[in-house]
Amino acid sequence: MRSKKRFTVFTFMYTAIIIWMSFSLQMLFSTVGTDPKPWIIEVNRNVAIISLVLSAVISISLSVFYAWIITNYRRTEIATLKCIGYTNNNVRVIIVGELIWVTMFSFLIVFELLIHVVAFSAYFYYTADRLSDFSPFIRFGPLLITIALFLVAQIGGILIAYRRVLRLRPIIALRIQK
Amino acid sequence: MKEIMIKCEGVHKEFRLRGNIIRALINVNVEIEAGEFIMIQGPTGCGKTTLLNVMSGLDLPDEGSVILDGEDIARANEDRLSNIRRQKIGFVFQDFNLVEHLTAIENVEALLWPTVLRTKEIEDRAIAALRAVDVLERKDHYPSDLSGGERQRVGMARAIIHQPRVLFADEPTGNLDPTSGKNVLELLKKLNKDLGTTMVVVTHDSSLVQYGDRVIKMDRGRIVR
């Protein structure tokens, strides 16, 4: 099942980038404040900004690449759907739906992962009196901002998908030899 | 007088291939009555698939008109063509063209998903279509688990779920063994009789033309008989 493999691989890549981006955001937020050594704050802030920009660029590239892969590997399927009466809009909904679904699914994996990390840490390392000091390695705020940024990053992929779906003629369904 | 389902008048179609102009259809005039079973037969490259594409609105003629069920599809825009295909046309493909990650019944239902019909009605229609082509017991299988003949039957169920006025089939037996191919054509004949659907089947195999009420024979872009 090629489509399942594709979905799994991209979900895990998205998951890794969501963690990376959230961590960069958290690092950036943590540099706000006072520190006895200002140059440390400066270095941390620069590292966080570079890391954030890099993760954003990779997430945009990945979404464009994923959209390209979907529309390329599903050419026959898209052409067949157009043959049987799907409009361009109907097909776009399917492609955009897959892009958004992968993003949301990756977010759920990260969220689930965080819950387990919290549970694990709380159980093994924290006593009841210290529990209020505890926070997971990624906080909820940066994670929510990351998912919003990630959804915005999908726009690149969505535009690619729109263009390629529009250009794909239904007659391809009859021409392609597998 | 019988209703005319498809009327092609003065249809010309050319392709440019590596700098050469290929005249695929030359002044083609065809009339197909509602409920007819038409076989389009001819050697490879004679223009039969191009004629099917033009008649079904998948391709536009360079000249001439194509009237399908009273509507000039050569001048319809893309959205209108999509609607015509969804409401009036069914396709059966040589390569079956089933979606690999959907089960047989989902493949059949897929045609009606973008419509306003309720899920239950879509499912009922898909079951009826699968039953009509005698493959209902395989409804929960994926295409990769089906034989070539079964896949083509699922493809046929998908083509009839919306009760089209015309069904176009491009070499529907091309990827099947002779027995399965014969069964598929017998099934198309049965659907033609039971549902009254107009059938237009393209084949290069002259032994299959016996299934048609009428044969359109093509050679070098022209209708020769």
# chains A, B, ... in the order shown; residues from 1 in each chain; ligands from 1

call {"tool": "interface_residues", "arguments": {"of": "chain A", "to": "chain B", "cutoff": "9 Å", "atoms": "only C-alpha atoms", "output": "ChimeraX atom specification"}}
result
/A:1-4,76-77,80-88,90,169-171,173-174,176-178

call {"tool": "select_by_dssp", "arguments": {"residues": "stretch 34-164 of chain B", "states": "strand (DSSP E or B)", "output": "ChimeraX atom specification"}}
result
/B:37-41,63-68,71-72,89-92

call {"tool": "closest_residue", "arguments": {"among": "A:Phe7, A:Tyr126, A:Phe140, A:Tyr162", "to": "A:Ser22", "atoms": "only C-alpha atoms"}}
result
A:Phe140

call {"tool": "atom_distance", "arguments": {"atom1": "atom CA of B:Gly47", "atom2": "atom CA of B:Leu185"}}
result
21.5 Å

call {"tool": "residues_around", "arguments": {"residues": "stretch 218-221 of chain B", "least_positions_apart": "4", "cutoff": "9 Å", "atoms": "only C-alpha atoms", "output": "list in words"}}
result
His12, Lys13, Arg23, Ala24, Leu25, Ile26, Asn27, Val28, Ile40, Gln41, Gly42, Pro43, Gly45, Cys46, Gly47, Lys48, Thr50, Leu51 and Arg225 of chain B

call {"tool": "write_last_selection", "arguments": {"atoms": "N, CA and C atoms", "output": "PDB file, in the first residue's frame"}}
result
ATOM      1  N   HIS B  12     -13.425  16.875 -36.809  1.00  0.00           N
ATOM      2  CA  HIS B  12     -12.002  16.757 -37.162  1.00  0.00           C
ATOM      3  C   HIS B  12     -11.177  16.853 -35.888  1.00  0.00           C
ATOM      4  N   LYS B  13     -10.123  16.082 -35.834  1.00  0.00           N
ATOM      5  CA  LYS B  13      -9.217  16.172 -34.682  1.00  0.00           C
ATOM      6  C   LYS B  13      -7.790  15.875 -35.139  1.00  0.00           C
ATOM      7  N   ARG B  23      -3.531  13.277 -38.182  1.00  0.00           N
ATOM      8  CA  ARG B  23      -4.965  13.548 -38.352  1.00  0.00           C
ATOM      9  C   ARG B  23      -5.731  12.346 -37.786  1.00  0.00           C
ATOM     10  N   ALA B  24      -6.160  12.485 -36.546  1.00  0.00           N
ATOM     11  CA  ALA B  24      -6.783  11.358 -35.834  1.00  0.00           C
ATOM     12  C   ALA B  24      -8.231  11.120 -36.279  1.00  0.00           C
ATOM     13  N   LEU B  25      -8.953  12.209 -36.516  1.00  0.00           N
ATOM     14  CA  LEU B  25     -10.341  12.074 -36.989  1.00  0.00           C
ATOM     15  C   LEU B  25     -10.537  13.007 -38.187  1.00  0.00           C
ATOM     16  N   ILE B  26     -11.070  12.457 -39.264  1.00  0.00           N
ATOM     17  CA  ILE B  26     -11.262  13.257 -40.484  1.00  0.00           C
ATOM     18  C   ILE B  26     -12.733  13.215 -40.879  1.00  0.00           C
ATOM     19  N   ASN B  27     -13.392  14.330 -40.744  1.00  0.00           N
ATOM     20  CA  ASN B  27     -14.797  14.489 -41.120  1.00  0.00           C
ATOM     21  C   ASN B  27     -15.661  13.301 -40.659  1.00  0.00           C
ATOM     22  N   VAL B  28     -15.678  13.083 -39.373  1.00  0.00           N
ATOM     23  CA  VAL B  28     -16.439  11.949 -38.825  1.00  0.00           C
ATOM     24  C   VAL B  28     -17.884  12.369 -38.542  1.00  0.00           C
ATOM     25  N   ILE B  40     -16.991   0.094 -31.652  1.00  0.00           N
ATOM     26  CA  ILE B  40     -16.103   0.832 -32.559  1.00  0.00           C
ATOM     27  C   ILE B  40     -14.860  -0.022 -32.732  1.00  0.00           C
ATOM     28  N   GLN B  41     -14.632  -0.452 -33.955  1.00  0.00           N
ATOM     29  CA  GLN B  41     -13.552  -1.414 -34.172  1.00  0.00           C
ATOM     30  C   GLN B  41     -12.590  -0.917 -35.248  1.00  0.00           C
ATOM     31  N   GLY B  42     -11.350  -1.273 -35.087  1.00  0.00           N
ATOM     32  CA  GLY B  42     -10.359  -0.895 -36.089  1.00  0.00           C
ATOM     33  C   GLY B  42      -8.974  -1.176 -35.569  1.00  0.00           C
ATOM     34  N   PRO B  43      -7.973  -1.088 -36.456  1.00  0.00           N
ATOM     35  CA  PRO B  43      -6.603  -1.375 -36.016  1.00  0.00           C
ATOM     36  C   PRO B  43      -6.062  -0.294 -35.078  1.00  0.00           C
ATOM     37  N   GLY B  45      -4.314   2.767 -33.649  1.00  0.00           N
ATOM     38  CA  GLY B  45      -3.947   4.055 -34.249  1.00  0.00           C
ATOM     39  C   GLY B  45      -4.927   4.552 -35.291  1.00  0.00           C
ATOM     40  N   CYS B  46      -6.093   3.904 -35.409  1.00  0.00           N
ATOM     41  CA  CYS B  46      -7.049   4.318 -36.453  1.00  0.00           C
ATOM     42  C   CYS B  46      -7.937   5.480 -35.992  1.00  0.00           C
ATOM     43  N   GLY B  47      -7.887   5.812 -34.699  1.00  0.00           N
ATOM     44  CA  GLY B  47      -8.667   6.957 -34.208  1.00  0.00           C
ATOM     45  C   GLY B  47      -9.891   6.573 -33.393  1.00  0.00           C
ATOM     46  N   LYS B  48     -10.030   5.288 -33.078  1.00  0.00           N
ATOM     47  CA  LYS B  48     -11.249   4.862 -32.362  1.00  0.00           C
ATOM     48  C   LYS B  48     -11.297   5.413 -30.925  1.00  0.00           C
ATOM     49  N   THR B  50      -9.784   8.114 -29.899  1.00  0.00           N
ATOM     50  CA  THR B  50      -9.978   9.566 -30.041  1.00  0.00           C
ATOM     51  C   THR B  50     -11.459   9.863 -30.252  1.00  0.00           C
ATOM     52  N   LEU B  51     -12.124   9.050 -31.065  1.00  0.00           N
ATOM     53  CA  LEU B  51     -13.563   9.254 -31.302  1.00  0.00           C
ATOM     54  C   LEU B  51     -14.336   9.085 -29.988  1.00  0.00           C
ATOM     55  N   ARG B 225     -17.150   2.024 -42.379  1.00  0.00           N
ATOM     56  CA  ARG B 225     -18.397   1.247 -42.521  1.00  0.00           C
ATOM     57  C   ARG B 225     -19.339   1.535 -41.365  1.00  0.00           C
TER      58      ARG B 225
END

call {"tool": "atom_distance", "arguments": {"atom1": "atom CA of B:Met5", "atom2": "atom CA of B:Glu33"}}
result
5.1 Å
